[in-house]
Structure formats: C-alpha cells, structure tokens
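A.B. asks: Contents of work.txt (compact mmCIF, C-alpha atoms) are given next:
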```
# COMPACT_ATOMS: atom_id res chain seq x y z
CA MET A 1 161.92 192.72 171.45
CA ALA A 2 158.27 193.62 170.81
CA ASN A 3 156.55 192.04 167.82
CA ASP A 4 155.40 194.88 165.54
CA ALA A 5 153.73 192.62 162.99
CA PRO A 6 150.07 193.58 162.48
CA ALA A 7 147.42 191.26 163.83
CA PRO A 8 145.78 189.07 161.15
CA LEU A 9 142.48 190.28 159.74
CA ILE A 10 141.03 186.78 160.26
CA ALA A 11 142.16 184.13 162.74
CA LEU A 12 140.62 180.69 163.23
CA ARG A 13 141.92 178.85 166.28
CA ASP A 14 141.08 175.18 166.77
CA ILE A 15 137.68 175.58 165.10
CA THR A 16 135.35 172.57 165.10
CA ARG A 17 131.93 172.15 163.53
CA HIS A 18 130.07 168.96 164.36
CA TYR A 19 126.66 167.82 163.15
CA GLY A 20 124.62 165.16 164.93
CA SER A 21 125.78 163.23 167.99
CA GLY A 22 127.14 159.88 169.08
CA GLU A 23 128.08 157.45 166.35
CA ALA A 24 126.17 159.57 163.82
CA MET A 25 128.29 162.66 164.50
CA VAL A 26 129.88 164.25 161.43
CA ARG A 27 133.05 166.25 162.11
CA ALA A 28 132.83 168.75 159.24
CA LEU A 29 135.61 170.84 160.81
CA ASP A 30 138.00 169.16 163.21
CA GLY A 31 140.44 171.61 164.77
CA VAL A 32 141.06 174.14 161.98
CA THR A 33 143.66 176.79 162.73
CA LEU A 34 144.65 179.40 160.16
CA THR A 35 145.12 183.14 159.70
CA VAL A 36 144.47 185.51 156.81
CA SER A 37 146.18 188.89 156.65
CA LYS A 38 144.71 192.03 155.12
CA GLY A 39 145.27 192.07 151.36
CA GLU A 40 145.86 188.32 150.96
CA PHE A 41 144.29 186.21 148.24
CA VAL A 42 143.69 182.72 149.64
CA ALA A 43 142.28 179.68 147.84
CA ILE A 44 140.81 176.71 149.73
CA MET A 45 140.64 173.31 148.06
CA GLY A 46 139.91 169.73 149.04
CA PRO A 47 137.90 166.65 148.06
CA SER A 48 134.16 166.41 148.60
CA GLY A 49 133.43 166.31 152.33
CA SER A 50 136.78 167.88 153.26
CA GLY A 51 135.14 170.77 155.12
CA LYS A 52 136.00 173.59 152.72
CA SER A 53 132.37 174.70 152.27
CA THR A 54 131.74 174.51 156.02
CA ALA A 55 134.85 176.61 156.60
CA MET A 56 133.52 179.19 154.14
CA ASN A 57 130.15 179.27 155.94
CA VAL A 58 131.88 179.84 159.27
CA LEU A 59 134.09 182.57 157.80
CA GLY A 60 131.03 184.23 156.29
CA CYS A 61 129.10 184.12 159.59
CA LEU A 62 126.48 181.93 157.91
CA ASP A 63 127.21 179.14 160.41
CA SER A 64 128.65 179.07 163.93
CA PRO A 65 131.48 176.77 165.05
CA SER A 66 130.84 174.11 167.68
CA SER A 67 134.01 175.17 169.50
CA GLY A 68 137.17 177.19 169.02
CA HIS A 69 137.75 180.87 168.32
CA TYR A 70 137.03 182.98 165.24
CA LEU A 71 138.55 186.45 165.42
CA PHE A 72 137.68 189.09 162.82
CA ASN A 73 139.71 192.27 163.22
CA GLY A 74 140.43 191.12 166.76
CA ILE A 75 136.73 190.70 167.61
CA GLU A 76 135.56 187.28 168.84
CA VAL A 77 132.80 186.41 166.37
CA ALA A 78 131.54 183.56 168.54
CA GLY A 79 130.56 186.16 171.14
CA LEU A 80 128.25 187.99 168.73
CA ASP A 81 124.52 187.34 168.62
CA ARG A 82 122.61 186.68 165.40
CA ASP A 83 121.88 190.36 164.71
CA GLN A 84 125.50 191.35 165.32
CA ARG A 85 126.73 188.63 162.96
CA ALA A 86 124.27 189.92 160.35
CA LEU A 87 125.72 193.42 160.76
CA LEU A 88 129.24 192.03 160.34
CA ARG A 89 128.20 190.33 157.10
CA ARG A 90 126.43 193.45 155.86
CA HIS A 91 129.23 195.92 156.53
CA TYR A 92 132.47 193.94 156.26
CA LEU A 93 131.89 190.94 153.97
CA GLY A 94 131.06 190.54 150.30
CA PHE A 95 129.89 187.26 148.74
CA ILE A 96 130.34 185.79 145.25
CA PHE A 97 128.50 182.56 144.42
CA GLN A 98 128.89 179.92 141.74
CA GLY A 99 125.32 180.44 140.51
CA TYR A 100 125.53 184.27 140.37
CA ASN A 101 122.20 184.58 142.31
CA LEU A 102 121.00 187.54 140.25
CA LEU A 103 117.36 188.61 140.17
CA PRO A 104 116.20 187.73 136.62
CA ARG A 105 113.76 190.63 136.18
CA SER A 106 116.09 193.29 137.56
CA SER A 107 118.79 195.17 135.68
CA ALA A 108 122.48 194.77 136.40
CA LEU A 109 122.36 198.10 138.22
CA GLN A 110 119.40 197.03 140.37
CA ASN A 111 121.08 193.73 141.23
CA VAL A 112 124.23 195.54 142.38
CA GLU A 113 122.14 197.99 144.39
CA LEU A 114 120.30 195.25 146.31
CA PRO A 115 122.67 194.84 149.30
CA LEU A 116 122.91 198.61 149.61
CA ILE A 117 119.17 198.77 150.25
CA TYR A 118 119.68 196.60 153.34
CA LYS A 119 122.44 198.98 154.45
CA GLY A 120 119.89 201.81 154.42
CA LEU A 121 121.60 203.97 151.79
CA ALA A 122 119.61 206.65 150.00
CA ARG A 123 118.69 205.96 146.38
CA ALA A 124 121.13 208.47 144.87
CA GLU A 125 124.06 207.05 146.84
CA ARG A 126 123.02 203.47 146.00
CA GLU A 127 123.01 204.25 142.28
CA GLU A 128 126.35 206.04 142.49
CA ARG A 129 128.00 203.13 144.34
CA ALA A 130 126.43 200.53 142.04
CA LEU A 131 127.59 202.32 138.90
CA GLU A 132 131.07 202.71 140.39
CA ALA A 133 131.18 198.97 141.15
CA LEU A 134 129.98 198.06 137.65
CA ASP A 135 132.65 200.33 136.20
CA ARG A 136 135.32 198.55 138.28
CA VAL A 137 134.38 195.25 136.61
CA GLY A 138 134.08 196.79 133.13
CA LEU A 139 130.28 196.65 132.85
CA ALA A 140 129.08 200.22 133.39
CA HIS A 141 127.83 200.22 129.78
CA ARG A 142 125.57 197.22 130.54
CA ALA A 143 123.97 198.70 133.66
CA THR A 144 120.42 198.66 132.25
CA HIS A 145 120.61 195.10 130.87
CA ASP A 146 118.83 192.19 132.55
CA PRO A 147 120.79 188.98 133.35
CA SER A 148 119.19 187.21 130.36
CA GLU A 149 120.91 189.75 128.09
CA LEU A 150 124.34 189.03 129.58
CA SER A 151 126.78 186.16 129.08
CA GLY A 152 127.73 183.89 131.98
CA GLY A 153 131.01 185.74 132.43
CA GLN A 154 129.21 189.09 132.44
CA GLN A 155 126.67 187.82 134.97
CA GLN A 156 129.52 186.78 137.26
CA ARG A 157 131.05 190.24 136.83
CA VAL A 158 127.74 191.73 137.96
CA ALA A 159 127.86 189.40 140.97
CA ILE A 160 131.39 190.61 141.73
CA ALA A 161 130.25 194.23 141.42
CA ARG A 162 127.42 193.47 143.86
CA ALA A 163 129.99 192.12 146.34
CA LEU A 164 132.17 195.22 145.89
CA ALA A 165 129.41 197.82 146.15
CA GLY A 166 129.26 197.55 149.93
CA HIS A 167 132.99 198.34 150.25
CA PRO A 168 133.75 195.09 152.14
CA GLN A 169 137.00 194.28 153.91
CA VAL A 170 136.81 190.66 152.73
CA VAL A 171 135.24 189.03 149.69
CA LEU A 172 134.28 185.35 150.06
CA ALA A 173 134.04 183.60 146.69
CA ASP A 174 132.42 180.15 146.55
CA GLU A 175 133.36 178.37 143.29
CA PRO A 176 133.22 181.67 141.34
CA THR A 177 134.21 180.00 138.06
CA GLY A 178 132.28 176.75 138.52
CA ASN A 179 129.67 177.58 135.85
CA LEU A 180 132.07 179.12 133.31
CA ASP A 181 134.17 177.82 130.45
CA THR A 182 137.96 178.07 130.64
CA LYS A 183 138.26 181.40 128.83
CA ARG A 184 135.63 183.11 130.98
CA SER A 185 137.07 181.48 134.11
CA VAL A 186 140.48 182.97 133.42
CA GLU A 187 138.89 186.39 132.80
CA ILE A 188 137.12 186.27 136.17
CA MET A 189 140.26 185.13 137.98
CA GLU A 190 142.34 187.85 136.35
CA LEU A 191 139.73 190.39 137.48
CA LEU A 192 139.82 189.08 141.07
CA ARG A 193 143.60 189.15 141.08
CA GLN A 194 143.58 192.71 139.72
CA LEU A 195 141.20 193.81 142.50
CA ASN A 196 143.45 192.09 145.02
CA ARG A 197 146.70 193.52 143.65
CA GLU A 198 145.63 197.05 142.75
CA GLU A 199 143.05 197.74 145.46
CA GLY A 200 144.31 195.52 148.27
CA LEU A 201 141.05 193.60 148.48
CA THR A 202 141.24 190.53 150.75
CA ILE A 203 139.80 187.49 148.95
CA ILE A 204 139.10 183.98 150.25
CA MET A 205 137.98 181.58 147.55
CA VAL A 206 136.78 177.98 147.58
CA THR A 207 137.43 176.15 144.32
CA HIS A 208 137.86 172.62 142.97
CA GLU A 209 140.01 173.81 140.06
CA GLU A 210 143.71 173.88 140.89
CA ASP A 211 144.59 176.02 137.88
CA MET A 212 142.16 178.66 139.16
CA ALA A 213 143.57 178.35 142.70
CA GLU A 214 147.02 179.21 141.33
CA PHE A 215 145.80 182.79 140.78
CA ALA A 216 145.79 183.16 144.59
CA ASP A 217 148.77 183.85 146.85
CA ARG A 218 148.16 180.85 149.11
CA LEU A 219 146.57 177.47 148.65
CA ILE A 220 145.05 175.75 151.67
CA TRP A 221 144.26 172.06 151.12
CA MET A 222 141.69 170.51 153.47
CA VAL A 223 141.12 166.82 154.18
CA ASP A 224 138.65 165.31 156.68
CA GLY A 225 137.87 168.67 158.27
CA LYS A 226 141.52 169.57 158.85
CA VAL A 227 144.09 171.78 157.14
CA ALA A 228 146.40 169.27 155.45
CA THR A 229 148.72 171.76 153.72
CA ASP A 230 149.05 175.53 153.56
CA ARG A 231 151.51 176.75 150.93
CA LYS A 232 152.30 179.69 148.73
CA THR A 233 151.36 179.35 145.07
CA ALA A 234 153.82 180.16 142.29
CA LYS A 235 152.29 183.64 142.04
CA GLY A 236 152.43 184.08 145.80
CA ALA A 237 156.05 182.99 145.94
CA ALA A 238 156.92 185.41 143.15
```
Can you give me the file's structure in the form of structure tokens?

C.D. replies:
Amino acid sequence: MANDAPAPLIALRDITRHYGSGEAMVRALDGVTLTVSKGEFVAIMGPSGSGKSTAMNVLGCLDSPSSGHYLFNGIEVAGLDRDQRALLRRHYLGFIFQGYNLLPRSSALQNVELPLIYKGLARAEREERALEALDRVGLAHRATHDPSELSGGQQQRVAIARALAGHPQVVLADEPTGNLDTKRSVEIMELLRQLNREEGLTIIMVTHEEDMAEFADRLIWMVDGKVATDRKTAKGAA
C-alpha cells in the first residue's frame, strides 16, 4: 500500500559538522538524523558542547554541514550556493535570539520592518506587515516606542514580531527566554505556543531550561553531537 503521509518539512540525514583536522578535530555534529513536520513545536536541549547550537546554525542555513543531507521542503540545502541559502533564510525562515538584537535608536515598528526592507517590499506594505505582526504579539500600541522604553519581555515580543513579519514557514528560536525572569519567560512561551497552535507556525527552539522546553510538542536531547533522545513532552502527548 502506498504511504500517503506528507513528507517532513525538514529532514536531517546523518549530518556531521567537523571543525579542524587530525587530533584537533572537533565533531560538533556526529551523524544527526531527525525530521520536523509542518506545524510542530520542537525544543532542543543538551549540555554545553552537545551540538545544539551548531544544529540550529545548520538548520538556519548559517552554517553548512561537513557531510550528510539537509532537506527543506524536499530541496537539498547542501546543493544551494551562498546566495540561494540567503534567499531561503530571507523567505522561509524567521529568527528569534536571546539578546533580542533590536536597533536601539529605531522604534519597534522600524525594527520589525527591517527584514522586509531586504525582501524589497514597498514602504506601505512594510508598515502594514510590521503593524500586523506587532498586533499579533499584543504590541501594536507600542509601535512608536524605542527599545529603551520597553521591558525585556516587550523587547522579545518585538523580536518575535520581526520574525513573523516575513511570513516564514519556520521560526528558529535560540534561547528566547534566556534573558528574562520566570514570569516573562512563561509569557513568551505561552505566546509561542499560541502562534504554533492557532496559526500552525513551525517552531524549533534551543533552550537550557527544561520547564520552558515542556511548552513544545517534542524534546530532542543532544549529547556529544548526537541525538540521545527524542520524545514527546507532556503537552505533546496530550
């Protein structure tokens, strides 16, 4: 019988990433195989040096694997040149960082607009998309405020809006609650889960906080550049 299951949105097959050579070689990724389906919320954890950040860089087309296959929507990413990988990032991926990475002298609206400038959108469309994204994270009323006038949680919401404004297929979140207290961390995770549940947004998140990882559907634990465990969380099982 034919298998009618849809192909995964992301597939890593025996991915390696090595730095250096000989005895000095570091195997940051050592045969990683995993898939992510459209609409999943996946958390990646592991001790320092486990390869989780390298895996995120490969997934985000910020780094290239030494060997193996990375398929995005069925396209072999390893076969793309630098410009093509940049286009993939620009049109299909959104990024959320621990440090927010907001321009200090630009308003929330201008910060959200920034990636849309690189996409070549006209000013009116940029503003419309940016305001829509700020509204989705509950900050449309703070559009004219600079980052210094916003709390840490609000700044991270602006960063999330910036990731959403480009209408990505996948959002990659690198320690999105790392600079926040517990209350603000929970608020951000509830927002991400809402975007995942209500809008079907695919999210892959690196975190060192297991209680934050439990907001995801799956938890992938990495050790020594390998996937040690891949399990459903309590929310994912439910």

A.B. asks: Write out as a ChimeraX atom specification each polymer residue whose atoms come within 6 Å of stretch 67-81 of chain A, counting all atoms listed in the file; drop sequence neighbours fewer than 5 positions from it.

C.D. replies: /A:9-16

A.B. asks: Between A:His145, A:Lys183, A:His167, A:Arg85, which is the closest to A:Glu132 once you count all atoms listed in the file?

C.D. replies: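 Once distances to A:Glu132 are computed over all atoms listed in the file, the minimum belongs to A:His167.
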
A.B. asks: As an NGL selection string, please: the residues near A:Leu164 (cut-off 10 Å, only C-alpha atoms, same-chain neighbours under 2 positions excluded).

C.D. replies: :A and (93-96 or 112 or 129-130 or 132-134 or 136-137 or 158-162 or 166-171 or 195 or 201)

A.B. asks: If we count only C-alpha atoms, what is near A:Leu172 at a cut-off of 10 Å, once residues fewer than 4 positions away on the same chain are taken out, given as a list in words?

C.D. replies: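 So the residues in contact are Val42, Met56, Asn57, Leu59, Gly60, Leu93, Gly94, Phe95, Ile96, Phe97, Ala163, Pro168, Pro176, Thr202, Ile203, Ile204, Met205 and Val206 of chain A.
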
A.B. asks: Would you compute the distance between atom CA of A:Gln84 and atom CA of A:Asp63? Give it in Å to one decimal.

C.D. replies: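 The value is 13.3 Å.
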
A.B. asks: For the point (124.6, 199.1, 137.2) in the file's frame, write as a list in words all residues with an atom no more than 8 Å away, counting all atoms listed in the file.

C.D. replies: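 It turns out the residues near that spot are Ser107, Ala108, Leu109, Gln110, Asn111, Val112, Glu113, Glu127, Ala130, Leu131, Ala133, Leu134, Leu139, Ala140, Arg142, Ala143 and Thr144 of chain A.
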
A.B. asks: Between A:Thr182, A:Asn101, A:Ser37, A:Ser53, which has the minimum distance to A:Gly225 (counting only C-alpha atoms)?

C.D. replies: A:Ser53

A.B. asks: Got a sec: who's within 10 Å of A:Arg27, counting all atoms listed in the file, leaving out chain neighbours fewer than 4 positions off, as a ChimeraX atom specification?

C.D. replies: /A:16-21,31,49-51,66,224-226

A.B. asks: Could you tell me which of A:His141, A:Asp146, A:Ile117, A:Glu209 comes closest to A:Arg105 if we count all atoms listed in the file?

C.D. replies: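 Under the stated criterion, the closest residue is A:Asp146.
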
A.B. asks: In Å, rounded to a single decimal, give me how far atom CA of A:Asn196 is from atom CA of A:Gly39.

C.D. replies: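 Interatomic distance, atom CA of A:Gly39 to atom CA of A:Asn196: 6.6 Å.
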
A.B. asks: For the atom pair atom CA of A:Ile44 and atom CA of A:Val32, what is the interatomic distance in Å to one decimal place?

C.D. replies: 12.5 Å

A.B. asks: Residues proximal to (133.9, 174.0, 158.3) were defined as those with any atom within 6 Å of that point in the file's coordinates, counting all atoms listed in the file. Which are they, as a ChimeraX atom specification?

C.D. replies: /A:17,28-29,51-52,54-55

A.B. asks: Check the smallest atom-to-atom distance from each of A:Asp217, A:Val227, A:Arg184, A:Ala238 to A:Phe41 using all atoms listed in the file, then report the winner.

C.D. replies: A:Asp217

A.B. asks: Using all atoms listed in the file for the distances, tell me which of A:Glu175, A:Leu116, A:Val26, A:Gly138 is nearest to A:Glu210.

C.D. replies: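 For A:Glu210, the nearest of the candidates is A:Glu175.
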
A.B. asks: Please identify all polymer residues within 12 Å of A:Tyr118, counting only C-alpha atoms, omitting same-chain residues fewer than 5 positions from it, and present them as a ChimeraX atom specification.

C.D. replies: /A:86-87,89-91,112-113,123,126,166

A.B. asks: Take the residues from that selection and write them out as a PDB file, keeping the file's coordinate frame, keeping C-alpha atoms.

C.D. replies:
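The file below, result_18.pdb, is the result:
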```pdb
ATOM      1  CA  ALA A  86     124.270 189.920 160.350  1.00  0.00           C
ATOM      2  CA  LEU A  87     125.720 193.420 160.760  1.00  0.00           C
ATOM      3  CA  ARG A  89     128.200 190.330 157.100  1.00  0.00           C
ATOM      4  CA  ARG A  90     126.430 193.450 155.860  1.00  0.00           C
ATOM      5  CA  HIS A  91     129.230 195.920 156.530  1.00  0.00           C
ATOM      6  CA  VAL A 112     124.230 195.540 142.380  1.00  0.00           C
ATOM      7  CA  GLU A 113     122.140 197.990 144.390  1.00  0.00           C
ATOM      8  CA  ARG A 123     118.690 205.960 146.380  1.00  0.00           C
ATOM      9  CA  ARG A 126     123.020 203.470 146.000  1.00  0.00           C
ATOM     10  CA  GLY A 166     129.260 197.550 149.930  1.00  0.00           C
TER      11      GLY A 166
END
```

A.B. asks: Could you tell me which of A:Val186, A:Met45, A:Leu103, A:Ala165 comes closest to A:Glu128 if we count all atoms listed in the file?

C.D. replies: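 When distances to A:Glu128 are compared using all atoms listed in the file, the smallest one comes from A:Ala165.
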
A.B. asks: Complete the atom set of stretch 27-58 of chain A to N, CA and C atoms and return it as a PDB file, in the coordinates of the input.

C.D. replies:
```pdb
ATOM      1  N   ARG A  27     132.090 165.209 161.744  1.00  0.00           N
ATOM      2  CA  ARG A  27     133.050 166.250 162.110  1.00  0.00           C
ATOM      3  C   ARG A  27     133.424 167.016 160.833  1.00  0.00           C
ATOM      4  N   ALA A  28     132.588 168.002 160.474  1.00  0.00           N
ATOM      5  CA  ALA A  28     132.830 168.750 159.240  1.00  0.00           C
ATOM      6  C   ALA A  28     134.104 169.576 159.346  1.00  0.00           C
ATOM      7  N   LEU A  29     134.354 170.167 160.517  1.00  0.00           N
ATOM      8  CA  LEU A  29     135.610 170.840 160.810  1.00  0.00           C
ATOM      9  C   LEU A  29     136.159 170.247 162.095  1.00  0.00           C
ATOM     10  N   ASP A  30     137.440 169.925 162.085  1.00  0.00           N
ATOM     11  CA  ASP A  30     138.000 169.160 163.210  1.00  0.00           C
ATOM     12  C   ASP A  30     139.337 169.774 163.651  1.00  0.00           C
ATOM     13  N   GLY A  31     139.238 170.967 164.253  1.00  0.00           N
ATOM     14  CA  GLY A  31     140.440 171.610 164.770  1.00  0.00           C
ATOM     15  C   GLY A  31     141.178 172.441 163.738  1.00  0.00           C
ATOM     16  N   VAL A  32     140.454 173.310 163.033  1.00  0.00           N
ATOM     17  CA  VAL A  32     141.060 174.140 161.980  1.00  0.00           C
ATOM     18  C   VAL A  32     141.677 175.393 162.599  1.00  0.00           C
ATOM     19  N   THR A  33     142.942 175.594 162.291  1.00  0.00           N
ATOM     20  CA  THR A  33     143.660 176.790 162.730  1.00  0.00           C
ATOM     21  C   THR A  33     144.336 177.418 161.517  1.00  0.00           C
ATOM     22  N   LEU A  34     144.019 178.686 161.262  1.00  0.00           N
ATOM     23  CA  LEU A  34     144.650 179.400 160.160  1.00  0.00           C
ATOM     24  C   LEU A  34     144.437 180.893 160.349  1.00  0.00           C
ATOM     25  N   THR A  35     145.264 181.690 159.668  1.00  0.00           N
ATOM     26  CA  THR A  35     145.120 183.140 159.700  1.00  0.00           C
ATOM     27  C   THR A  35     145.127 183.671 158.269  1.00  0.00           C
ATOM     28  N   VAL A  36     144.470 184.807 158.085  1.00  0.00           N
ATOM     29  CA  VAL A  36     144.470 185.510 156.810  1.00  0.00           C
ATOM     30  C   VAL A  36     144.778 186.971 157.097  1.00  0.00           C
ATOM     31  N   SER A  37     145.796 187.499 156.459  1.00  0.00           N
ATOM     32  CA  SER A  37     146.180 188.890 156.650  1.00  0.00           C
ATOM     33  C   SER A  37     145.435 189.787 155.663  1.00  0.00           C
ATOM     34  N   LYS A  38     145.346 191.063 156.004  1.00  0.00           N
ATOM     35  CA  LYS A  38     144.710 192.030 155.120  1.00  0.00           C
ATOM     36  C   LYS A  38     145.450 192.059 153.780  1.00  0.00           C
ATOM     37  N   GLY A  39     144.684 192.004 152.681  1.00  0.00           N
ATOM     38  CA  GLY A  39     145.270 192.070 151.360  1.00  0.00           C
ATOM     39  C   GLY A  39     145.703 190.739 150.787  1.00  0.00           C
ATOM     40  N   GLU A  40     145.505 189.638 151.502  1.00  0.00           N
ATOM     41  CA  GLU A  40     145.860 188.320 150.960  1.00  0.00           C
ATOM     42  C   GLU A  40     144.780 187.808 150.022  1.00  0.00           C
ATOM     43  N   PHE A  41     145.194 186.933 149.129  1.00  0.00           N
ATOM     44  CA  PHE A  41     144.290 186.210 148.240  1.00  0.00           C
ATOM     45  C   PHE A  41     144.522 184.733 148.521  1.00  0.00           C
ATOM     46  N   VAL A  42     143.543 184.091 149.161  1.00  0.00           N
ATOM     47  CA  VAL A  42     143.690 182.720 149.640  1.00  0.00           C
ATOM     48  C   VAL A  42     142.684 181.824 148.938  1.00  0.00           C
ATOM     49  N   ALA A  43     143.154 180.690 148.436  1.00  0.00           N
ATOM     50  CA  ALA A  43     142.280 179.680 147.840  1.00  0.00           C
ATOM     51  C   ALA A  43     142.214 178.475 148.781  1.00  0.00           C
ATOM     52  N   ILE A  44     141.025 177.906 148.921  1.00  0.00           N
ATOM     53  CA  ILE A  44     140.810 176.710 149.730  1.00  0.00           C
ATOM     54  C   ILE A  44     140.321 175.597 148.825  1.00  0.00           C
ATOM     55  N   MET A  45     141.007 174.457 148.873  1.00  0.00           N
ATOM     56  CA  MET A  45     140.640 173.310 148.060  1.00  0.00           C
ATOM     57  C   MET A  45     140.531 172.061 148.939  1.00  0.00           C
ATOM     58  N   GLY A  46     140.007 170.999 148.348  1.00  0.00           N
ATOM     59  CA  GLY A  46     139.910 169.730 149.040  1.00  0.00           C
ATOM     60  C   GLY A  46     138.856 168.860 148.402  1.00  0.00           C
ATOM     61  N   PRO A  47     138.909 167.553 148.636  1.00  0.00           N
ATOM     62  CA  PRO A  47     137.900 166.650 148.060  1.00  0.00           C
ATOM     63  C   PRO A  47     136.528 166.898 148.674  1.00  0.00           C
ATOM     64  N   SER A  48     135.518 166.305 148.073  1.00  0.00           N
ATOM     65  CA  SER A  48     134.160 166.410 148.600  1.00  0.00           C
ATOM     66  C   SER A  48     134.140 165.916 150.047  1.00  0.00           C
ATOM     67  N   GLY A  49     133.502 166.678 150.927  1.00  0.00           N
ATOM     68  CA  GLY A  49     133.430 166.310 152.330  1.00  0.00           C
ATOM     69  C   GLY A  49     134.649 166.705 153.141  1.00  0.00           C
ATOM     70  N   SER A  50     135.550 167.492 152.553  1.00  0.00           N
ATOM     71  CA  SER A  50     136.780 167.880 153.260  1.00  0.00           C
ATOM     72  C   SER A  50     136.552 168.974 154.294  1.00  0.00           C
ATOM     73  N   GLY A  51     135.429 169.694 154.176  1.00  0.00           N
ATOM     74  CA  GLY A  51     135.140 170.770 155.120  1.00  0.00           C
ATOM     75  C   GLY A  51     135.334 172.156 154.556  1.00  0.00           C
ATOM     76  N   LYS A  52     135.712 172.267 153.284  1.00  0.00           N
ATOM     77  CA  LYS A  52     136.000 173.590 152.720  1.00  0.00           C
ATOM     78  C   LYS A  52     134.750 174.469 152.666  1.00  0.00           C
ATOM     79  N   SER A  53     133.605 173.897 152.320  1.00  0.00           N
ATOM     80  CA  SER A  53     132.370 174.700 152.270  1.00  0.00           C
ATOM     81  C   SER A  53     131.920 175.090 153.671  1.00  0.00           C
ATOM     82  N   THR A  54     132.078 174.179 154.632  1.00  0.00           N
ATOM     83  CA  THR A  54     131.740 174.510 156.020  1.00  0.00           C
ATOM     84  C   THR A  54     132.643 175.619 156.536  1.00  0.00           C
ATOM     85  N   ALA A  55     133.919 175.554 156.195  1.00  0.00           N
ATOM     86  CA  ALA A  55     134.850 176.610 156.600  1.00  0.00           C
ATOM     87  C   ALA A  55     134.423 177.949 156.023  1.00  0.00           C
ATOM     88  N   MET A  56     133.990 177.953 154.756  1.00  0.00           N
ATOM     89  CA  MET A  56     133.520 179.190 154.140  1.00  0.00           C
ATOM     90  C   MET A  56     132.277 179.729 154.842  1.00  0.00           C
ATOM     91  N   ASN A  57     131.359 178.832 155.231  1.00  0.00           N
ATOM     92  CA  ASN A  57     130.150 179.270 155.940  1.00  0.00           C
ATOM     93  C   ASN A  57     130.483 179.866 157.302  1.00  0.00           C
ATOM     94  N   VAL A  58     131.458 179.288 157.986  1.00  0.00           N
ATOM     95  CA  VAL A  58     131.880 179.840 159.270  1.00  0.00           C
ATOM     96  C   VAL A  58     132.531 181.203 159.070  1.00  0.00           C
TER      97      VAL A  58
END
```
